[in-house]
Amino acid sequence: MMKKVLKYAGLISVLAIVAIFLFGAGSASAYEKGSKGDWEYEYDGKLLTITKYTGYADNVDIPKTIAGKNVFKISGAFDKNKFLKSVTIPEGVIEIDSTFADCENLQSVSLPSSLKKIGRYSFSNCKALTSISFPKNLKEIGDSAFNSCESLTSVTIPESVKFFGDGVFKYCKNLEKVDFKCSLKWVTENCFWDCENLSEVILPKGVRFIRGSAFGCCYSLTSMVFPDTVREVRGCFWNDDALTKVVFSSGMKELGYELFGDCGGIQVLVIPSSVKKIDDGIFSRCPAKKAEITVVTTPGSFAEKWAELNGMNVSYDENDVAVGGEEYDDDEWDEDDDW
């Protein structure tokens with residue numbers, strides 16, 4: 001009899017352990033969903049997430065603690081808030097996600113040094129946001145995080161960033177300069193789509209691939225220099241009529257399909273001998289006149305043969321080719337010129 005009791009007791013203990021493993025000890029009582037003042041929140045037993053701000057203030061300091069618990073995350077709390085103009089996020093917050101989407105009057109935001117993730121659509125359509133200073137510990141910027149932030153003019157991506165989503169800055173119409181201080185393998189798809197005033201891009205250190213339409217409809221982009229780490233590009237320029245010169249640095253292996261889709265102003269392409277393949281559709285739907293394009297390369301290279309086959313001009317010295325169709329001849333100068 002005693003053996004049976006011990007057997008059943010052991011079985012009950014095992015089941016209890018399994019239940020704790022699957023459902024968590026006291027999980028039902030640990031989870032909490034509530035509100036305090038202007039804040040609604042969820043607490044999972046370990047982390048507190050602010051889910052909604054119900055107030056009407058235009059300048060908001062988000063609390064560091066609610067109901068005695070540290071705020072860890074903010075998710076969707078200010079979605080479509082038309083009153084908010086400035087906000088300060090406290091130290092201790094690690095992640096924000098869709099937090100300020102469609103806050104059309106938000107002008108400034110202070111991010112804490114603890115912040116590691118800016119999730120997708122976090123500042124999407126914040127049309128009045130004029131600048132953003134990223135904390136040095138930031139690791140991730142999600143898809144479309146700053147989509148349609150029309151008042152941004154310049155951004156610097158810190159060294160700490162390891163993940164960069166698709167379309168992060170698309171439709172940022174007044175964005176003029178982007179400086180990647182970080183090391184990323186990809187410039188992502190539609191990253192700067194329709195950034196019509198973008199004129200300067202400093203690409204990430206170590207970047208290897210440029211995704212489709214990364215610089216599509218960047219009407220003010222006149223030139224691009226790719227770092228030596230880039231191996232393949234395709235379809236990254238689209239309808240960029242001001243683009244006149246592109247330098248493909250050594251290390252490039254392939255120039256892919258629709259690289260210059262509908263780009264009509266190309267004048268100079270610097271193509272290294274490392275390029276061994278150029279897609280037949282590189283100028284797909286492109287009104288550029290090949291006879292007016294000069295390919296700068298090395299004698300006997302694949303690029304030289306490709307240029308000649310397509311009726312383009314060939315040069316072996318980049319300094320001999322001037323954008324705009326004018327070349328400077330060292331032997332032709334007037335002694336009366338004021339140097």
# chains A, B, ... in the order shown; residues from 1 in each chain; ligands from 1
$ residues_around --residues "Ile141 (chain A)" --least-positions-apart "6" --cutoff "10 Å" --atoms "only C-alpha atoms" --output "MDAnalysis selection string"
chainID A and resid 116:122 157 161:166 168
$ residues_around --residues "Tyr316 (chain A)" --least-positions-apart "2" --cutoff "6 Å" --atoms "only C-alpha atoms" --output "mmCIF file with N, CA and C atoms, in the first residue's frame"
data_model
loop_
_atom_site.group_PDB
_atom_site.id
_atom_site.type_symbol
_atom_site.label_atom_id
_atom_site.label_comp_id
_atom_site.auth_asym_id
_atom_site.auth_seq_id
_atom_site.Cartn_x
_atom_site.Cartn_y
_atom_site.Cartn_z
ATOM 1 N N VAL A 296 34.934 54.063 -67.813
ATOM 2 C CA VAL A 296 36.330 54.152 -67.392
ATOM 3 C C VAL A 296 36.731 52.801 -66.817
ATOM 4 N N THR A 297 37.736 52.181 -67.414
ATOM 5 C CA THR A 297 38.134 50.844 -66.989
ATOM 6 C C THR A 297 39.598 50.619 -67.336
ATOM 7 N N THR A 298 40.047 49.374 -67.291
ATOM 8 C CA THR A 298 41.433 49.051 -67.609
ATOM 9 C C THR A 298 41.498 48.327 -68.948
#
$ closest_residue --among "A:Gly212, A:Pro90, A:Gly45, A:Pro135" --to "Cys236 (chain A)" --atoms "only C-alpha atoms"
A:Gly212
$ residues_around --residues "Val207 (chain A)" --least-positions-apart "5" --cutoff "7 Å" --atoms "only C-alpha atoms" --output "list in words"
Ser183, Leu184, Lys185, Trp186, Thr229 and Val230 of chain A
$ residues_around --residues "Ser35 (chain A)" --least-positions-apart "6" --cutoff "12 Å" --atoms "only C-alpha atoms" --output "PDB file with C-alpha atoms, in the first residue's frame"
ATOM      1  CA  TYR A  41      -0.025  48.845 -19.460  1.00  0.00           C
ATOM      2  CA  GLU A  42       0.561  45.109 -19.527  1.00  0.00           C
ATOM      3  CA  TYR A  43       2.823  43.206 -17.162  1.00  0.00           C
ATOM      4  CA  LEU A  48       6.082  46.060 -18.104  1.00  0.00           C
ATOM      5  CA  THR A  49       4.954  47.421 -21.476  1.00  0.00           C
ATOM      6  CA  ILE A  50       3.104  50.717 -21.902  1.00  0.00           C
ATOM      7  CA  THR A  51       0.338  50.093 -24.441  1.00  0.00           C
ATOM      8  CA  LYS A  52      -1.585  53.383 -24.503  1.00  0.00           C
ATOM      9  CA  TYR A  53      -1.401  57.019 -23.488  1.00  0.00           C
ATOM     10  CA  THR A  54      -4.868  58.459 -22.849  1.00  0.00           C
ATOM     11  CA  ILE A  66       4.296  52.416 -13.278  1.00  0.00           C
ATOM     12  CA  ALA A  67       2.672  50.685 -10.297  1.00  0.00           C
TER      13      ALA A  67
END
$ residues_around --residues "Gly300 (chain A)" --least-positions-apart "6" --cutoff "12 Å" --atoms "only C-alpha atoms" --output "PyMOL selection string"
chain A and resi 272-274+276+306-308+314-316
$ write_last_selection --atoms "N, CA and C atoms" --output "compact mmCIF listing (two decimals), in the first residue's frame"
# COMPACT_ATOMS: atom_id res chain seq x y z
N PRO A 272 35.66 48.50 -62.56
CA PRO A 272 36.97 47.86 -62.39
C PRO A 272 37.07 46.55 -63.15
N SER A 273 38.28 46.06 -63.25
CA SER A 273 38.52 44.80 -63.97
C SER A 273 37.95 43.60 -63.22
N SER A 274 37.60 43.78 -61.95
CA SER A 274 37.04 42.67 -61.17
C SER A 274 35.64 42.28 -61.65
N LYS A 276 33.05 40.78 -63.89
CA LYS A 276 33.11 39.74 -64.92
C LYS A 276 31.75 39.48 -65.56
N TRP A 306 32.64 45.08 -73.16
CA TRP A 306 31.20 45.34 -73.03
C TRP A 306 30.86 46.73 -73.53
N ALA A 307 31.66 47.72 -73.16
CA ALA A 307 31.42 49.10 -73.59
C ALA A 307 31.51 49.23 -75.10
N GLU A 308 32.53 48.63 -75.68
CA GLU A 308 32.71 48.71 -77.13
C GLU A 308 31.58 48.01 -77.86
N VAL A 314 35.18 54.68 -74.28
CA VAL A 314 36.06 54.02 -73.32
C VAL A 314 37.20 54.95 -72.95
N SER A 315 37.48 55.02 -71.66
CA SER A 315 38.61 55.80 -71.16
C SER A 315 39.35 54.97 -70.13
N TYR A 316 40.65 55.24 -69.98
CA TYR A 316 41.46 54.50 -69.01
C TYR A 316 41.89 55.38 -67.83
$ closest_residue --among "A:Ser284, A:Ser249, A:Thr153, A:Asn137" --to "Ile271 (chain A)" --atoms "only C-alpha atoms"
A:Ser249
$ residues_around --residues "Ile62 (chain A)" --least-positions-apart "2" --cutoff "7 Å" --atoms "only C-alpha atoms" --output "list in words"
Val60, Lys64, Thr88, Ile89 and Pro90 of chain A
$ select_by_dssp --residues "region 134-333 of chain A" --states "strand (DSSP E or B)" --output "ChimeraX atom specification"
/A:140-141,154-157,163-164,177-180,183,186-187,200-202,205,209-210,223-226,232-233,237-238,245-248,254-255,260-261,268-270,277-278,294-296,313-315
$ closest_residue --among "A:Gly251, A:Gly311, A:Pro204, A:Pro63" --to "Gly37 (chain A)" --atoms "only C-alpha atoms"
A:Pro63
$ residues_around --residues "Ser213 (chain A)" --least-positions-apart "6" --cutoff "10 Å" --atoms "only C-alpha atoms" --output "short mmCIF file (atom, residue, chain, number, x, y, z; two decimals) with N, CA and C atoms, in the first residue's frame"
data_model
loop_
_atom_site.label_atom_id
_atom_site.label_comp_id
_atom_site.auth_asym_id
_atom_site.auth_seq_id
_atom_site.Cartn_x
_atom_site.Cartn_y
_atom_site.Cartn_z
N GLY A 167 12.94 49.73 -46.23
CA GLY A 167 12.17 50.97 -46.33
C GLY A 167 12.25 51.88 -45.13
N THR A 188 19.22 47.98 -47.47
CA THR A 188 18.01 47.20 -47.66
C THR A 188 17.08 47.73 -48.75
N GLU A 189 16.12 46.90 -49.10
CA GLU A 189 15.17 47.20 -50.17
C GLU A 189 14.34 48.45 -49.84
N ASN A 190 14.21 49.31 -50.86
CA ASN A 190 13.41 50.55 -50.74
C ASN A 190 13.86 51.44 -49.59
N CYS A 191 15.10 51.29 -49.18
CA CYS A 191 15.59 52.00 -48.00
C CYS A 191 15.39 53.51 -48.11
N PHE A 192 15.70 54.08 -49.28
CA PHE A 192 15.58 55.53 -49.49
C PHE A 192 14.64 55.85 -50.66
N TRP A 193 13.66 55.01 -50.86
CA TRP A 193 12.74 55.20 -51.98
C TRP A 193 12.04 56.56 -51.88
N ASP A 194 12.07 57.31 -52.96
CA ASP A 194 11.40 58.60 -53.07
C ASP A 194 11.91 59.62 -52.05
N ARG A 234 22.04 45.35 -58.08
CA ARG A 234 21.03 45.20 -59.12
C ARG A 234 19.79 46.00 -58.72
N GLY A 235 19.22 46.71 -59.68
CA GLY A 235 17.96 47.41 -59.47
C GLY A 235 17.94 48.43 -58.36
N CYS A 236 19.10 48.96 -57.95
CA CYS A 236 19.10 49.86 -56.79
C CYS A 236 18.83 51.31 -57.19
N PHE A 237 19.06 51.66 -58.46
CA PHE A 237 18.73 53.00 -58.94
C PHE A 237 17.50 52.91 -59.84
N TRP A 238 16.54 53.78 -59.62
CA TRP A 238 15.34 53.74 -60.42
C TRP A 238 14.80 55.16 -60.60
N ASN A 239 14.71 55.59 -61.84
CA ASN A 239 14.14 56.91 -62.14
C ASN A 239 14.95 58.03 -61.50
N GLU A 258 18.42 45.80 -64.35
CA GLU A 258 17.76 47.07 -64.05
C GLU A 258 18.52 47.90 -63.01
N LEU A 259 19.84 47.80 -63.06
CA LEU A 259 20.64 48.62 -62.16
C LEU A 259 20.34 50.10 -62.36
N PHE A 260 20.15 50.49 -63.62
CA PHE A 260 19.83 51.88 -63.94
C PHE A 260 18.45 51.98 -64.60
N GLY A 261 17.46 51.39 -63.98
CA GLY A 261 16.12 51.41 -64.53
C GLY A 261 15.57 52.82 -64.67
#
$ closest_residue --among "A:Arg285, A:Asp279, A:Asn197, A:Glu140" --to "Lys177 (chain A)" --atoms "only C-alpha atoms"
A:Asn197
$ decode --residues "region 236-282 of chain A" --atoms "N, CA and C atoms" --output "CSV table (one decimal), in the first residue's frame"
chain,number,residue,atom,x,y,z
A,236,CYS,N,19.1,49.0,-57.9
A,236,CYS,CA,19.1,49.9,-56.8
A,236,CYS,C,18.8,51.3,-57.2
A,237,PHE,N,19.1,51.7,-58.5
A,237,PHE,CA,18.7,53.0,-58.9
A,237,PHE,C,17.5,52.9,-59.8
A,238,TRP,N,16.5,53.8,-59.6
A,238,TRP,CA,15.3,53.7,-60.4
A,238,TRP,C,14.8,55.2,-60.6
A,239,ASN,N,14.7,55.6,-61.8
A,239,ASN,CA,14.1,56.9,-62.1
A,239,ASN,C,15.0,58.0,-61.5
A,240,ASP,N,16.3,57.8,-61.4
A,240,ASP,CA,17.2,58.8,-60.8
A,240,ASP,C,17.8,59.7,-61.9
A,241,ASP,N,17.0,60.6,-62.4
A,241,ASP,CA,17.4,61.4,-63.6
A,241,ASP,C,18.7,62.2,-63.4
A,242,ALA,N,19.0,62.6,-62.2
A,242,ALA,CA,20.1,63.5,-61.9
A,242,ALA,C,21.4,62.7,-61.8
A,243,LEU,N,21.3,61.4,-61.7
A,243,LEU,CA,22.5,60.5,-61.5
A,243,LEU,C,23.3,60.5,-62.8
A,244,THR,N,24.5,61.0,-62.7
A,244,THR,CA,25.4,61.1,-63.9
A,244,THR,C,26.6,60.3,-63.8
A,245,LYS,N,27.1,60.0,-62.5
A,245,LYS,CA,28.4,59.2,-62.4
A,245,LYS,C,28.3,58.2,-61.3
A,246,VAL,N,28.7,57.0,-61.6
A,246,VAL,CA,28.7,55.9,-60.6
A,246,VAL,C,30.1,55.3,-60.6
A,247,VAL,N,30.7,55.1,-59.5
A,247,VAL,CA,32.0,54.5,-59.4
A,247,VAL,C,31.9,53.1,-58.7
A,248,PHE,N,32.1,52.1,-59.4
A,248,PHE,CA,32.1,50.7,-58.9
A,248,PHE,C,33.5,50.4,-58.5
A,249,SER,N,33.7,50.3,-57.2
A,249,SER,CA,35.1,50.1,-56.7
A,249,SER,C,35.5,48.7,-56.9
A,250,SER,N,36.8,48.5,-56.8
A,250,SER,CA,37.4,47.1,-56.9
A,250,SER,C,36.8,46.2,-55.9
A,251,GLY,N,36.5,45.0,-56.3
A,251,GLY,CA,35.8,44.0,-55.5
A,251,GLY,C,34.5,43.7,-56.1
A,252,MET,N,33.9,44.6,-56.9
A,252,MET,CA,32.6,44.3,-57.5
A,252,MET,C,32.8,43.2,-58.5
A,253,LYS,N,31.8,42.3,-58.5
A,253,LYS,CA,31.9,41.1,-59.4
A,253,LYS,C,30.8,41.2,-60.5
A,254,GLU,N,29.6,41.7,-60.2
A,254,GLU,CA,28.5,41.7,-61.1
A,254,GLU,C,27.7,42.9,-61.0
A,255,LEU,N,27.2,43.4,-62.2
A,255,LEU,CA,26.3,44.5,-62.3
A,255,LEU,C,25.0,43.9,-62.8
A,256,GLY,N,24.0,43.9,-62.0
A,256,GLY,CA,22.8,43.2,-62.3
A,256,GLY,C,21.7,43.9,-63.0
A,257,TYR,N,20.6,43.2,-63.2
A,257,TYR,CA,19.4,43.6,-63.9
A,257,TYR,C,18.8,44.9,-63.4
A,258,GLU,N,18.4,45.8,-64.4
A,258,GLU,CA,17.8,47.1,-64.1
A,258,GLU,C,18.5,47.9,-63.0
A,259,LEU,N,19.8,47.8,-63.1
A,259,LEU,CA,20.6,48.6,-62.2
A,259,LEU,C,20.3,50.1,-62.4
A,260,PHE,N,20.1,50.5,-63.6
A,260,PHE,CA,19.8,51.9,-63.9
A,260,PHE,C,18.5,52.0,-64.6
A,261,GLY,N,17.5,51.4,-64.0
A,261,GLY,CA,16.1,51.4,-64.5
A,261,GLY,C,15.6,52.8,-64.7
A,262,ASP,N,15.3,53.2,-65.9
A,262,ASP,CA,14.7,54.5,-66.1
A,262,ASP,C,15.5,55.7,-65.7
A,263,CYS,N,16.8,55.5,-65.7
A,263,CYS,CA,17.8,56.6,-65.4
A,263,CYS,C,18.3,57.2,-66.7
A,264,GLY,N,18.0,58.4,-67.0
A,264,GLY,CA,18.4,59.0,-68.3
A,264,GLY,C,19.6,59.8,-68.3
A,265,GLY,N,20.2,60.1,-67.2
A,265,GLY,CA,21.3,61.1,-67.2
A,265,GLY,C,22.7,60.5,-67.1
A,266,ILE,N,22.9,59.2,-67.1
A,266,ILE,CA,24.2,58.5,-66.9
A,266,ILE,C,25.2,59.0,-67.9
A,267,GLN,N,26.3,59.5,-67.4
A,267,GLN,CA,27.4,59.9,-68.3
A,267,GLN,C,28.7,59.2,-68.1
A,268,VAL,N,29.0,58.8,-66.9
A,268,VAL,CA,30.3,58.2,-66.6
A,268,VAL,C,30.1,57.0,-65.7
A,269,LEU,N,30.6,55.8,-66.1
A,269,LEU,CA,30.6,54.6,-65.3
A,269,LEU,C,32.1,54.2,-65.1
A,270,VAL,N,32.5,54.1,-63.8
A,270,VAL,CA,33.8,53.6,-63.6
A,270,VAL,C,33.7,52.2,-63.1
A,271,ILE,N,34.2,51.2,-64.0
A,271,ILE,CA,34.0,49.8,-63.8
A,271,ILE,C,35.3,49.1,-63.7
A,272,PRO,N,35.7,48.5,-62.6
A,272,PRO,CA,37.0,47.9,-62.4
A,272,PRO,C,37.1,46.5,-63.2
A,273,SER,N,38.3,46.1,-63.2
A,273,SER,CA,38.5,44.8,-64.0
A,273,SER,C,38.0,43.6,-63.2
A,274,SER,N,37.6,43.8,-62.0
A,274,SER,CA,37.0,42.7,-61.2
A,274,SER,C,35.6,42.3,-61.6
A,275,VAL,N,35.0,43.2,-62.3
A,275,VAL,CA,33.6,42.9,-62.8
A,275,VAL,C,33.7,41.9,-64.0
A,276,LYS,N,33.0,40.8,-63.9
A,276,LYS,CA,33.1,39.7,-64.9
A,276,LYS,C,31.8,39.5,-65.6
A,277,LYS,N,30.7,40.1,-65.0
A,277,LYS,CA,29.4,39.9,-65.6
A,277,LYS,C,28.6,41.2,-65.5
A,278,ILE,N,27.9,41.6,-66.6
A,278,ILE,CA,27.1,42.7,-66.7
A,278,ILE,C,25.8,42.3,-67.4
A,279,ASP,N,24.7,42.4,-66.7
A,279,ASP,CA,23.4,41.9,-67.2
A,279,ASP,C,23.0,42.7,-68.4
A,280,ASP,N,22.4,42.0,-69.4
A,280,ASP,CA,21.9,42.6,-70.6
A,280,ASP,C,20.8,43.7,-70.3
A,281,GLY,N,20.1,43.5,-69.2
A,281,GLY,CA,19.1,44.5,-68.9
A,281,GLY,C,19.5,45.5,-67.9
A,282,ILE,N,20.8,45.8,-67.8
A,282,ILE,CA,21.2,46.8,-66.9
A,282,ILE,C,20.6,48.2,-67.1
